[in-house]
$ cat data_36.txt   # compact mmCIF, C-alpha atoms
# COMPACT_ATOMS: atom_id res chain seq x y z
CA MET A 1061 117.45 219.45 42.12
CA GLN A 1062 117.03 216.00 40.66
CA SER A 1063 119.56 213.19 40.20
CA TYR A 1064 120.31 211.94 36.68
CA GLU A 1065 122.53 209.36 35.04
CA THR A 1066 123.69 209.52 31.43
CA VAL A 1067 125.41 206.65 29.63
CA PHE A 1068 126.93 207.25 26.20
CA ILE A 1069 128.94 205.17 23.74
CA THR A 1070 131.84 206.44 21.66
CA SER A 1071 133.90 204.66 19.03
CA ILE A 1072 137.02 202.91 20.31
CA ASP A 1073 139.31 205.11 18.21
CA ILE A 1074 137.92 208.48 19.39
CA LYS A 1075 140.52 211.24 19.52
CA GLU A 1076 141.32 212.68 22.91
CA ASP A 1077 140.37 216.19 21.76
CA ASP A 1078 136.93 214.96 20.64
CA LEU A 1079 136.41 213.11 23.95
CA ASN A 1080 137.36 216.23 25.92
CA LYS A 1081 134.86 218.21 23.82
CA VAL A 1082 132.06 215.73 24.77
CA LEU A 1083 132.99 215.78 28.46
CA GLY A 1084 133.22 219.60 28.37
CA LYS A 1085 129.65 219.82 26.95
CA ILE A 1086 128.35 217.68 29.83
CA LYS A 1087 130.16 219.80 32.45
CA GLU A 1088 128.92 223.01 30.82
CA ALA A 1089 125.27 221.85 30.75
CA VAL A 1090 125.34 220.74 34.40
CA SER A 1091 126.93 223.99 35.66
CA LYS A 1092 124.48 226.04 33.53
CA ASN A 1093 121.58 224.31 35.35
CA GLU A 1094 123.07 224.89 38.82
CA GLY A 1095 124.11 221.29 39.30
CA GLU A 1096 127.10 219.24 40.31
CA ILE A 1097 128.71 216.16 38.81
CA SER A 1098 129.28 213.28 41.21
CA LYS A 1099 130.77 210.83 38.70
CA LEU A 1100 132.13 211.17 35.16
CA GLU A 1101 134.28 208.26 34.04
CA LYS A 1102 135.07 205.66 31.42
CA TRP A 1103 133.02 202.58 32.17
CA GLN A 1104 134.28 199.84 29.84
CA GLN A 1105 134.99 198.84 26.25
CA ARG A 1106 132.53 196.26 24.91
CA GLU A 1107 131.34 194.46 21.85
CA LEU A 1108 128.15 196.12 20.58
CA ALA A 1109 124.95 194.08 20.26
CA TYR A 1110 124.61 195.23 16.66
CA PRO A 1111 126.78 197.33 14.34
CA ILE A 1112 126.39 201.11 14.62
CA ASN A 1113 127.88 203.13 11.73
CA ASP A 1114 129.74 199.98 10.68
CA LEU A 1115 131.40 199.73 14.12
CA THR A 1116 131.16 196.55 16.22
CA LYS A 1117 132.97 197.80 19.35
CA GLY A 1118 132.43 200.85 21.51
CA VAL A 1119 133.56 202.54 24.72
CA TYR A 1120 130.92 203.17 27.38
CA TYR A 1121 131.06 206.27 29.61
CA ILE A 1122 128.86 207.12 32.57
CA ALA A 1123 127.98 210.49 34.08
CA GLU A 1124 126.05 210.88 37.34
CA TYR A 1125 124.95 214.37 38.35
CA LYS A 1126 122.35 216.49 40.17
CA ALA A 1127 120.84 219.50 38.47
CA ASN A 1128 117.62 221.30 37.57
CA SER A 1129 115.29 219.65 35.05
CA GLY A 1130 116.61 221.62 32.01
CA VAL A 1131 119.94 219.82 32.15
CA VAL A 1132 118.70 216.74 30.27
CA SER A 1133 117.58 218.67 27.19
CA ASP A 1134 120.84 220.66 27.15
CA ILE A 1135 123.04 217.53 27.31
CA GLU A 1136 121.02 215.60 24.73
CA SER A 1137 120.93 218.51 22.27
CA SER A 1138 124.73 218.76 22.59
CA PHE A 1139 125.04 215.03 21.86
CA LYS A 1140 122.92 215.39 18.71
CA PHE A 1141 125.47 217.85 17.31
CA LEU A 1142 128.29 215.45 18.18
CA ARG A 1143 127.01 212.59 16.02
CA GLU A 1144 130.44 211.57 14.82
CA GLU A 1145 131.78 211.13 18.38
CA ILE A 1146 128.68 209.79 20.17
CA LEU A 1147 127.17 206.55 18.81
CA ARG A 1148 124.31 206.21 21.34
CA PHE A 1149 123.26 207.82 24.62
CA LEU A 1150 120.64 207.34 27.30
CA THR A 1151 119.69 209.57 30.23
CA VAL A 1152 117.57 208.37 33.14
CA LYS A 1153 116.18 210.08 36.20
CA VAL A 1154 117.47 208.40 39.33
CA LYS A 1155 114.85 207.99 42.01
CA LEU A 1156 116.03 207.36 45.49
CA ALA A 1157 114.40 204.29 46.85
CA LYS A 1158 112.04 204.91 49.70
CA VAL A 1159 112.99 202.46 52.34
CA LYS A 1160 110.24 201.40 54.67
CA PRO A 1161 111.38 200.44 58.10
CA VAL A 1162 111.26 196.72 58.32
CA LYS A 1163 110.09 195.15 61.50
CA PRO A 1164 112.58 192.56 62.52
CA GLU A 1165 111.13 189.11 62.38
CA PRO A 1166 111.20 187.27 65.63
CA VAL A 1167 114.10 184.94 65.75
CA LYS A 1168 112.87 181.40 65.72
CA PRO A 1169 115.14 179.17 67.71
CA GLU A 1170 116.45 176.36 65.66
CA PRO A 1171 115.16 173.04 66.83
CA VAL A 1172 117.82 171.20 68.69
CA LYS A 1173 118.25 167.72 67.39
CA PRO A 1174 118.88 165.37 70.26
CA GLU A 1175 122.01 163.38 69.92
CA PRO A 1176 121.31 159.73 69.36
CA VAL A 1177 121.50 157.92 72.63
CA LYS A 1178 123.89 155.05 72.55
CA PRO A 1179 122.60 152.21 74.65
CA GLU A 1180 124.93 151.49 77.49
CA PRO A 1181 126.03 147.91 77.74
CA VAL A 1182 123.90 146.09 80.25
CA LYS A 1183 126.00 144.73 83.06
CA PRO A 1184 124.54 141.58 84.53
CA GLU A 1185 123.72 142.04 88.15
CA PRO A 1186 125.64 139.69 90.42
CA VAL A 1187 123.51 136.78 91.43
CA LYS A 1188 122.99 136.82 95.16
CA PRO A 1189 122.52 133.39 96.60
CA GLU A 1190 119.20 133.10 98.30
CA PRO A 1191 119.55 132.34 101.97
CA VAL A 1192 118.89 128.71 102.62
CA LYS A 1193 116.10 128.29 105.09
CA PRO A 1194 116.70 125.36 107.37
CA GLU A 1195 114.02 122.79 107.07
CA PRO A 1196 112.28 121.93 110.32
CA ALA A 1197 113.71 118.80 111.87
CA LYS A 1198 111.57 115.75 111.43
CA THR A 1199 110.71 114.11 114.62
CA GLU A 1200 109.02 110.81 114.90
CA PRO A 1201 105.90 110.64 116.88
CA GLU A 1202 106.28 109.05 120.25
CA ASN A 1203 103.39 106.63 119.88
CA THR A 1204 104.71 104.57 117.09
CA ASP A 1205 104.41 100.86 117.41
CA ASN A 1206 107.72 99.44 116.53
CA SER A 1207 107.93 96.32 118.56
CA ALA A 1208 111.52 95.67 117.71
CA PHE A 1209 112.58 98.87 119.29
CA LYS A 1210 110.52 98.54 122.47
CA THR A 1211 112.18 98.52 125.73
CA PRO A 1212 111.26 95.92 128.32
CA ASP A 1213 109.58 98.48 130.47
CA ALA A 1214 107.22 99.36 127.73
CA LYS A 1215 103.56 98.84 128.25
CA PRO A 1216 101.75 96.41 126.11
CA THR A 1217 99.60 97.98 123.44
CA GLU A 1218 96.00 97.24 123.30
CA LYS A 1219 96.11 95.75 119.99
CA GLY A 1220 95.01 92.30 119.53
CA GLY A 1221 97.66 89.91 118.82
CA GLU A 1222 100.06 87.83 120.75
CA SER A 1223 99.85 87.55 124.33
$ encode --input "data_36.txt" --output "C-alpha cells"
Amino acid sequence: MQSYETVFITSIDIKEDDLNKVLGKIKEAVSKNEGEISKLEKWQQRELAYPINDLTKGVYYIAEYKANSGVVSDIESSFKFLREEILRFLTVKVKLAKVKPVKPEPVKPEPVKPEPVKPEPVKPEPVKPEPVKPEPAKTEPENTDNSAFKTPDAKPTEKGGES
C-alpha cells in the first residue's frame, strides 16, 4: 500500500448533500482499493488566485489515505463527474522521508571570556626608616704640635725655632 494526499476545492455555497456525495466517493474508492483513510477534513476557506467558473472564493478540503495504486484513478474519475461541486483537485503520492542517522557533532566548548581585571588600588608601602649607622668617633692624633695646649712636662719637639 502507498500513502496519498488529495486536496480539492469546492465552491463556498456547496450544498451539504453535494459535499456528502463527494466525501462518499472518496471513501468508496479507498475501501474498494483495500485502503484506509487517516484524515478527511475541511482545511480552510480562501480567496482563489484566479476566478474559476466566475467564483473568486473556495473551500479547501484535504484527504490523506493509504491504498493500492488504483485508488488515484478511481478518485479522480469520480471528481471529473462531479464538475459542478469540485472546482479543482490535486493528488500526490506521499513518500516517507528516509532519515539517515546523523552523527552528533562534537560539542565545542564555548570560549570563556575572562572577566576584565580591575586593577587593585596600589597601597603605598610604609616607609621604614633606615637604621642610622653611628659614625666612627674622630680622634685627634696624639702627635699634634699645638704648643698652646702643651703641658709643662712635654718634651720639646725637634723643630727648629725658639729655644
$ closest_atom_pairs --input "data_36.txt" --of "region 1071-1097 of chain A" --to "region 1142-1149 of chain A" --cutoff "7 Å" --atoms "only C-alpha atoms" --output "CSV"
residue,atom,partner,partner_atom,distance
A:Ser1071,CA,A:Glu1145,CA,6.8
A:Ile1074,CA,A:Glu1145,CA,6.8
A:Asp1078,CA,A:Glu1145,CA,6.8
$ closest_residue --input "data_36.txt" --among "A:Leu1150, A:Val1132, A:Val1162, A:Ala1157" --to "Ala1089 (chain A)" --atoms "all atoms listed in the file"
A:Val1132
$ atom_distance --input "data_36.txt" --atom1 "CA of Val1067 (chain A)" --atom2 "CA of Glu1096 (chain A)"
16.6 Å
$ residues_around --input "data_36.txt" --residues "Met1061 (chain A)" --least-positions-apart "3" --cutoff "8 Å" --atoms "only C-alpha atoms" --output "JSON, numbers by chain"
{"A": [1095, 1126, 1127, 1128, 1129]}
$ atom_distance --input "data_36.txt" --atom1 "CA of Leu1079 (chain A)" --atom2 "CA of Gly1118 (chain A)"
13.1 Å
